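Enquirer: Pasting a structure here, questions to come.
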Amino acid sequence: MTQQPLLELRGITKSYSMGEQKFLALKGIDLTIMPNEFIAITGPSGSGKSTLMNILGCLAKADSGSYRLAGNLIADADEDALAGYRNQSIGFIFQSFNLFPKLTVLDNVIYPLRFQRGRAAHRKSRAIKALKDVGLADKLANLPNQLSGGQRQRVAIARALVTNPDILLGDEPTGNLDSKTSAEIMALFRDLHANGQTIILVTHEQEIAEQCQRELRLVDGQIVKDETKNTAEQHALGVAS
Amino acid sequence: MKKFAHGIYEGGVSAIQSIFAHSFRSALTTLGIIIGVSAVIAVVSIMEGLGATVGKQLQDLGSEMVTLKAHTSTEKEMLGMTSKISYEDYLYLKNKTDNVQYMAAKVKAFSLGSDIQFAQKSITTQIIGTESEYKNVVNVYPASGRFLTETDDLKRRRVVFLGSSLVEKLGLKADPVGEFVTLYGEWFRVIGVAEEKGSLFGFDQDNYVIAPLSTIESISGQRGNLGVDIVFVPDVNVAQSAVIEQMTQLMRYKYKINDPADDFFEFETAEKTRKQFSDITDSITFVAAGVVGISLLVGGIGIMNIMLVSVTERTREIGIAKALGATSTIILIQFLVEACVLALFGGGVGIVVGYIFALFILMVMPVAAAVLVPLWAIWLALGFSFTIGVVFGIMPAIKASRLDPIDALRYD
Ligand SMILES: Nc1ncnc2c1ncn2[C@@H]1O[C@H](COP(=O)(O)OP(=O)(O)OP(=O)(O)O)[C@@H](O)[C@H]1O
Ligand SMILES: [Mg+2]
């Protein structure tokens with residue numbers, strides 16, 4: 001089986017300028033990710049995890065190196081094209097949910113579809129299906145502040161998935177949740193993965209990283225560990241939880 | 001193109017949502033525009049109403065009527081002299097001028113006073129001494145009784161024809177023909193009452209008394225010496241200007257005037273009156289436009305300010321929108337549309353407020369028969385508001401569209 005890689009990073013660097021000085025947050029990242037992988041990125045605070053996720057999610061551009069997403073070279077993309085990738089290829093989930101506070105749950109999920117072709121009724125039915133998939137079909141008309149943290153993150157996941165993205169990115173998606181809710185969300189990610197979704201999560205909790213297939217450890221802007229667990233171990237874990 | 005349409009739709013929806021979510025703030029923000037637009041609408045609608053009223057009145061007066069009056073130059077005035085057109089001039093012109101359909105002399109005998117009495121009541125009025133042909137010149141018709149006849153004039157009869165409002169003012173019975181009223185301490189018999197004309201600029205146009213010119217002259221004791229105005233209507237199919245020119249030449253010939261600057265008479269036409277009137281309204285409108293310009297500027301700055309606040313408040317939302325695929329163009333259009341909707345909201349409120357304000361002014365000072373808001377003023381007001389929205393909304397909109405998604409998402 002010769003599959004094309006879904007993501008391919010070669011020599012990615014990223015620096016932030018702090019006044020006079022330049023701080024190198026990513027020091028040459030090489031990474032290949034195949035479809036339907038389930039990856040955890042771990043590492044100490046300030047190691048560059050979020051910086052890497054933002055580049056993967058087309059929210060920021062690398063200073064140098066090449067990034068190929070589903071065959072497209074991101075380095076060449078202009079602002080509008082980046083917006084297009086964010087809309088169609090990527091589903092991004094944040095630690096702090098980032099829902100529109102004045103929009104209902106349903107309207108929040110419809111939002112990314114507004115930038116795509118399709119009739120309003122069709123968008124609505126897609127959004128309702130995505131909300132059903134995360135178990136929130138009964139909260140369509142609620143506002144985000146009427147939901148619990150776990151429910152809000154489910155809405156965010158539904159919104160990320162409604163466009164059928166190539167890849168789901170989560171920057172500490174369980175960071176604001178208690179351990180029970182966090183476990184529920186992780187169960188949801190495992191289900192999505194079982195259904196073929198490619199997922200990359202940033203986490204600093206080893207417990208969560210262990211539920212993923214592959215763990216990348218970042219230290220000082222470099223990958224210091226890239227470990228793929230065997231599927232039997234994974235399977236056992238899935239059954240156990 | 002589709003993105004544009006989408007941005008406009010999005011912007012419109014979110015603009016309306018946020019305007020109603022902060023209706024008080026919106027009202028304050030757009031106060032400048034509301035004041036500006038309502039001032040325009042109030043001024044324009046009153047001016048238009050006035051114009052329509054005056055136009056109608058001038059038409060009633062007969063737009064073909066010309067008045068020839070004495071004109072006293074400033075130098076003469078300083079020497080204490082007044083120019084005068086005499087009855088003899090009138091006869092001379094009447095004799096020599098062709099192409100005149102109706103012509104009459106009238107005298108306003110101010111020096112004798114201008115009160116009319118009946119029973120115990122005394123009313124200040126306008127006393128006009130004239131002849132029977134006057135009715136054809138100014139289109140005055142009796143509602144009851146009759147107008148002056150040539151015999152009245154020849155025999156210097158003590159008779160009067162009353163403007164309609166005097167009947168009530170003097171407490172006369174509904175049909176006062178045959179009653180006696182007092183002018184200059186003399187008895188005059190009422191021979192007719194005119195049809196009502198209504199009021200203009202709040203002035204009662206039916207408060208006048210018409211008596212034979214000869215009677216007034218003889219009472220004044222200045223027979224042949226009172227100054228007169230000459231009113232006339234040119235023949236149909238003859239240009240007003242041609243008749244005026246002919247009379248001017250006759251007068252200059254009679255008085256041996258070589259330099260037109262020495263003319264001691266002038267002609268008044270309905271056209272001239274209308275011109276004077278529109279000059280006045282134009283200058284009022286001009287001043288109003290200045291006020292409006294300033295308040296629209298203030299309104300625009302208000303909108304810019306509130307939009308900048310709004311961009312800051314919604315920085316995080318802008319970040320989310322961008323993370324989900326909104327392009328800079330969409331964000332730009334959204335905020336621009338919001339500024340325009342806000343401005344148009346102000347404009348719309350201003351139109352309503354201005355109209356109500358005009359109605360109110362009219363209630364307090366009945367200067368015109370009606371308030372008239374012309375369609376062009378509405379389009380102008382909305383067009384101005386829209387332009388203000390674009391001009392003052394562009395800067396905040398650009399600021400919003402240029403936000404970096406990551407910085408915006410991190411903002412709180
Ligand atoms: N906008 C910025 N300007 C300057 N420095 C930045 C900026 N963003 C990140 N950095 C720096 O880059 C480094 C990597 O930051 P990053 O947010 O990627 O770390 P992280 O691994 O996500 O950390 P954490 O686990 O605390 O979220 C940090 O040292 C941080 O201070
Ligand atoms: Mg981070």
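Numbering starts fresh at 1 for the residues of each chain in the structure tokens, the chains themselves are lettered A, B, ... in the order given, and ligands are numbered from 1 as they appear.
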Please return as a PyMOL selection string the residues found within 12 Å of ligand 1, counting only C-alpha atoms and all ligand atoms.
Expert: (chain A and resi 13-27+41-55+60+94-95+170-173+175+201-205+217-223) or (chain B and resi 404-411)
Enquirer: Using only C-alpha atoms, find the residues of chain B whose closest atom to chain A is at most 6 Å away, then write them as an MDAnalysis selection string.
Expert: chainID B and resid 324:325 327
Enquirer: Please, what distance in Å, to one decimal, runs between atom CA of Glu210 of chain A and atom CA of Asp191 of chain A?
Expert: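 Interatomic distance here is 15.5 Å.
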Enquirer: List every residue of segment 20-104 of chain A that DSSP, applied to the backbone of this structure, assigns to strand (DSSP E or B), and report them as a ChimeraX atom specification.
Expert: /A:21-33,38-42,64-69,72-73,90-93
Enquirer: Export, as a PDB file, in the first residue's frame, the selected residues with C-alpha atoms.
Expert:
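This went into selection00.pdb:
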ATOM      1  CA  GLN A  21      16.606  40.091  19.390  1.00  0.00           C
ATOM      2  CA  LYS A  22      15.224  37.193  17.437  1.00  0.00           C
ATOM      3  CA  PHE A  23      13.935  34.189  19.256  1.00  0.00           C
ATOM      4  CA  LEU A  24      14.020  30.947  17.296  1.00  0.00           C
ATOM      5  CA  ALA A  25      10.918  29.030  18.388  1.00  0.00           C
ATOM      6  CA  LEU A  26      11.198  26.225  15.808  1.00  0.00           C
ATOM      7  CA  LYS A  27      14.655  25.091  14.754  1.00  0.00           C
ATOM      8  CA  GLY A  28      14.108  22.962  11.674  1.00  0.00           C
ATOM      9  CA  ILE A  29      11.197  20.562  11.915  1.00  0.00           C
ATOM     10  CA  ASP A  30      11.014  17.528   9.618  1.00  0.00           C
ATOM     11  CA  LEU A  31       7.801  15.591   9.845  1.00  0.00           C
ATOM     12  CA  THR A  32       5.699  13.298   7.708  1.00  0.00           C
ATOM     13  CA  ILE A  33       2.162  12.420   8.639  1.00  0.00           C
ATOM     14  CA  PHE A  38      -3.612   9.970  15.624  1.00  0.00           C
ATOM     15  CA  ILE A  39      -0.719  12.025  16.984  1.00  0.00           C
ATOM     16  CA  ALA A  40       0.080  13.687  20.303  1.00  0.00           C
ATOM     17  CA  ILE A  41       2.595  16.512  20.455  1.00  0.00           C
ATOM     18  CA  THR A  42       4.087  16.876  23.916  1.00  0.00           C
ATOM     19  CA  SER A  64      11.793  28.834   6.012  1.00  0.00           C
ATOM     20  CA  GLY A  65      11.324  25.237   5.024  1.00  0.00           C
ATOM     21  CA  SER A  66       8.537  23.623   3.087  1.00  0.00           C
ATOM     22  CA  TYR A  67       5.091  22.552   4.169  1.00  0.00           C
ATOM     23  CA  ARG A  68       2.963  20.378   2.000  1.00  0.00           C
ATOM     24  CA  LEU A  69      -0.653  19.840   3.004  1.00  0.00           C
ATOM     25  CA  ASN A  72      -0.451  21.752  -1.744  1.00  0.00           C
ATOM     26  CA  LEU A  73       2.644  23.821  -1.046  1.00  0.00           C
ATOM     27  CA  ILE A  90      -8.271  22.099   8.535  1.00  0.00           C
ATOM     28  CA  GLY A  91     -10.408  21.785  11.612  1.00  0.00           C
ATOM     29  CA  PHE A  92      -8.861  23.681  14.504  1.00  0.00           C
ATOM     30  CA  ILE A  93      -9.867  23.178  18.132  1.00  0.00           C
TER      31      ILE A  93
END
Enquirer: May I have the residues within 6 Å of segment 191-199 of chain B as a VMD selection string, using only C-alpha atoms and disregarding those fewer than 2 positions away in the same chain?
Expert: chain B and resid 141 to 146 160 to 164 177 202 to 205
Enquirer: Would you kindly return, as a CSV table (one decimal) with all heavy atoms, in the first residue's frame, each protein, DNA or RNA residue with an atom no farther than 7 Å from any atom of segment 382-385 of chain B, considering only C-alpha atoms and excluding same-chain residues fewer than 5 positions away?
Expert:
chain,number,residue,atom,x,y,z
B,343,ALA,N,-24.7,54.4,9.9
B,343,ALA,CA,-24.9,55.7,9.3
B,343,ALA,C,-26.3,55.8,8.7
B,343,ALA,O,-27.0,56.9,8.9
B,343,ALA,CB,-23.8,56.1,8.3
B,344,LEU,N,-26.7,54.8,8.0
B,344,LEU,CA,-28.0,54.9,7.3
B,344,LEU,C,-29.1,54.8,8.4
B,344,LEU,O,-30.2,55.5,8.2
B,344,LEU,CB,-28.2,53.7,6.4
B,344,LEU,CG,-27.5,53.8,5.0
B,344,LEU,CD1,-27.6,52.5,4.2
B,344,LEU,CD2,-28.0,55.0,4.2
B,347,GLY,N,-29.4,58.2,9.5
B,347,GLY,CA,-30.0,59.0,8.4
B,347,GLY,C,-31.5,58.8,8.4
B,347,GLY,O,-32.3,59.7,8.3
Enquirer: Got a sec: who's within 9 Å of segment 119-136 of chain A, counting only C-alpha atoms, leaving out chain neighbours fewer than 3 positions off, as a list in words?
Expert: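 The neighbour list is Val105, Leu106, Asp107, Asn108, Val109, Ile110, Leu113, Arg114, Lys139, Leu140, Gln151, Arg154, Val155, Ile157, Ala158, Arg159, Leu161, Val162, Thr163 and Leu188 of chain A.
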Enquirer: Please produce a file of those selected residues containing all heavy atoms, as a short mmCIF file (atom, residue, chain, number, x, y, z; two decimals), in the first residue's frame.
Expert:
data_model
loop_
_atom_site.label_atom_id
_atom_site.label_comp_id
_atom_site.auth_asym_id
_atom_site.auth_seq_id
_atom_site.Cartn_x
_atom_site.Cartn_y
_atom_site.Cartn_z
N VAL A 105 -25.60 27.70 19.14
CA VAL A 105 -24.79 26.51 18.87
C VAL A 105 -24.86 26.16 17.38
O VAL A 105 -23.84 25.97 16.72
CB VAL A 105 -25.29 25.34 19.75
CG1 VAL A 105 -24.78 24.01 19.24
CG2 VAL A 105 -24.89 25.58 21.21
N LEU A 106 -26.07 26.11 16.86
CA LEU A 106 -26.24 25.75 15.45
C LEU A 106 -25.54 26.76 14.54
O LEU A 106 -24.82 26.36 13.61
CB LEU A 106 -27.74 25.69 15.11
CG LEU A 106 -28.06 25.29 13.67
CD1 LEU A 106 -27.53 23.90 13.36
CD2 LEU A 106 -29.57 25.33 13.43
N ASP A 107 -25.71 28.05 14.81
CA ASP A 107 -25.09 29.07 13.96
C ASP A 107 -23.57 29.03 14.05
O ASP A 107 -22.88 29.31 13.08
CB ASP A 107 -25.61 30.47 14.32
CG ASP A 107 -27.02 30.69 13.80
OD1 ASP A 107 -27.40 29.99 12.84
OD2 ASP A 107 -27.74 31.53 14.36
N ASN A 108 -23.06 28.70 15.24
CA ASN A 108 -21.61 28.54 15.38
C ASN A 108 -21.10 27.44 14.46
O ASN A 108 -20.06 27.59 13.83
CB ASN A 108 -21.27 28.19 16.83
CG ASN A 108 -20.79 29.40 17.62
OD1 ASN A 108 -19.67 29.85 17.42
ND2 ASN A 108 -21.64 29.92 18.47
N VAL A 109 -21.84 26.35 14.39
CA VAL A 109 -21.40 25.22 13.57
C VAL A 109 -21.59 25.50 12.08
O VAL A 109 -20.79 25.09 11.25
CB VAL A 109 -22.11 23.92 14.02
CG1 VAL A 109 -21.69 22.75 13.14
CG2 VAL A 109 -21.79 23.63 15.48
N ILE A 110 -22.64 26.25 11.76
CA ILE A 110 -22.87 26.60 10.35
C ILE A 110 -21.78 27.55 9.84
O ILE A 110 -21.43 27.53 8.67
CB ILE A 110 -24.28 27.24 10.18
CG1 ILE A 110 -25.37 26.19 10.36
CG2 ILE A 110 -24.41 27.91 8.82
CD1 ILE A 110 -26.79 26.74 10.33
N LEU A 113 -19.29 26.94 7.10
CA LEU A 113 -19.94 26.55 5.84
C LEU A 113 -20.39 27.77 5.04
O LEU A 113 -20.65 27.68 3.86
CB LEU A 113 -21.15 25.64 6.12
CG LEU A 113 -20.82 24.28 6.74
CD1 LEU A 113 -22.10 23.51 7.02
CD2 LEU A 113 -19.91 23.48 5.81
N ARG A 114 -20.50 28.91 5.75
CA ARG A 114 -20.92 30.13 5.04
C ARG A 114 -19.92 30.53 3.98
O ARG A 114 -20.25 31.27 3.06
CB ARG A 114 -21.04 31.28 6.04
CG ARG A 114 -22.21 31.18 6.98
CD ARG A 114 -22.09 32.31 7.94
NE ARG A 114 -23.26 32.47 8.77
CZ ARG A 114 -23.42 33.49 9.62
NH1 ARG A 114 -22.49 34.42 9.71
NH2 ARG A 114 -24.49 33.58 10.35
N LYS A 139 -29.17 20.76 21.73
CA LYS A 139 -28.75 22.09 22.20
C LYS A 139 -28.63 23.12 21.08
O LYS A 139 -27.98 24.15 21.24
CB LYS A 139 -27.38 21.98 22.90
CG LYS A 139 -27.36 21.05 24.09
CD LYS A 139 -28.05 21.66 25.29
CE LYS A 139 -27.91 20.76 26.51
NZ LYS A 139 -28.81 21.19 27.59
N LEU A 140 -29.26 22.84 19.95
CA LEU A 140 -29.07 23.67 18.76
C LEU A 140 -29.30 25.16 19.00
O LEU A 140 -28.57 26.01 18.51
CB LEU A 140 -30.01 23.22 17.64
CG LEU A 140 -29.89 21.76 17.19
CD1 LEU A 140 -30.85 21.50 16.03
CD2 LEU A 140 -28.47 21.44 16.79
N GLN A 151 -19.45 20.54 26.92
CA GLN A 151 -20.41 20.73 25.80
C GLN A 151 -19.89 21.78 24.82
O GLN A 151 -20.02 21.63 23.61
CB GLN A 151 -21.77 21.16 26.36
CG GLN A 151 -22.50 20.03 27.06
CD GLN A 151 -23.74 20.49 27.79
OE1 GLN A 151 -23.80 21.62 28.26
NE2 GLN A 151 -24.73 19.63 27.87
N ARG A 154 -17.43 20.28 22.63
CA ARG A 154 -18.08 19.42 21.63
C ARG A 154 -18.60 20.26 20.47
O ARG A 154 -18.53 19.85 19.31
CB ARG A 154 -19.24 18.63 22.26
CG ARG A 154 -18.79 17.45 23.07
CD ARG A 154 -19.94 16.87 23.88
NE ARG A 154 -19.44 15.94 24.87
CZ ARG A 154 -19.27 14.63 24.60
NH1 ARG A 154 -19.60 14.14 23.43
NH2 ARG A 154 -18.79 13.83 25.54
N VAL A 155 -19.16 21.43 20.82
CA VAL A 155 -19.62 22.32 19.75
C VAL A 155 -18.44 22.71 18.87
O VAL A 155 -18.52 22.69 17.63
CB VAL A 155 -20.29 23.60 20.32
CG1 VAL A 155 -20.68 24.55 19.19
CG2 VAL A 155 -21.50 23.25 21.15
N ILE A 157 -15.75 21.07 18.38
CA ILE A 157 -15.34 19.91 17.57
C ILE A 157 -16.30 19.73 16.39
O ILE A 157 -15.88 19.51 15.25
CB ILE A 157 -15.28 18.63 18.44
CG1 ILE A 157 -14.14 18.77 19.47
CG2 ILE A 157 -15.07 17.39 17.58
CD1 ILE A 157 -14.14 17.70 20.55
N ALA A 158 -17.60 19.88 16.67
CA ALA A 158 -18.58 19.78 15.58
C ALA A 158 -18.30 20.84 14.52
O ALA A 158 -18.36 20.57 13.31
CB ALA A 158 -19.99 19.96 16.13
N ARG A 159 -17.95 22.05 14.95
CA ARG A 159 -17.66 23.12 14.01
C ARG A 159 -16.40 22.82 13.20
O ARG A 159 -16.32 23.15 12.02
CB ARG A 159 -17.49 24.44 14.78
CG ARG A 159 -17.34 25.64 13.88
CD ARG A 159 -17.26 26.93 14.66
NE ARG A 159 -16.05 27.00 15.46
CZ ARG A 159 -15.75 28.01 16.29
NH1 ARG A 159 -16.59 29.03 16.42
NH2 ARG A 159 -14.64 27.99 16.98
N LEU A 161 -15.38 19.86 12.43
CA LEU A 161 -15.59 18.69 11.57
C LEU A 161 -16.61 18.92 10.47
O LEU A 161 -16.68 18.15 9.53
CB LEU A 161 -16.05 17.50 12.43
CG LEU A 161 -14.99 16.90 13.36
CD1 LEU A 161 -15.62 15.88 14.27
CD2 LEU A 161 -13.87 16.27 12.52
N VAL A 162 -17.41 19.95 10.60
CA VAL A 162 -18.56 20.12 9.71
C VAL A 162 -18.13 20.29 8.25
O VAL A 162 -18.87 19.96 7.33
CB VAL A 162 -19.45 21.30 10.18
CG1 VAL A 162 -18.82 22.65 9.87
CG2 VAL A 162 -20.84 21.21 9.59
N THR A 163 -16.90 20.74 8.04
CA THR A 163 -16.42 20.95 6.66
C THR A 163 -15.70 19.70 6.12
O THR A 163 -15.13 19.76 5.03
CB THR A 163 -15.45 22.13 6.61
OG1 THR A 163 -14.39 21.88 7.53
CG2 THR A 163 -16.13 23.44 6.96
N LEU A 188 -14.30 10.69 22.37
CA LEU A 188 -14.86 11.20 21.12
C LEU A 188 -13.78 11.25 20.03
O LEU A 188 -14.01 10.82 18.89
CB LEU A 188 -15.46 12.59 21.36
CG LEU A 188 -16.02 13.34 20.15
CD1 LEU A 188 -17.13 12.54 19.48
CD2 LEU A 188 -16.56 14.70 20.59
#
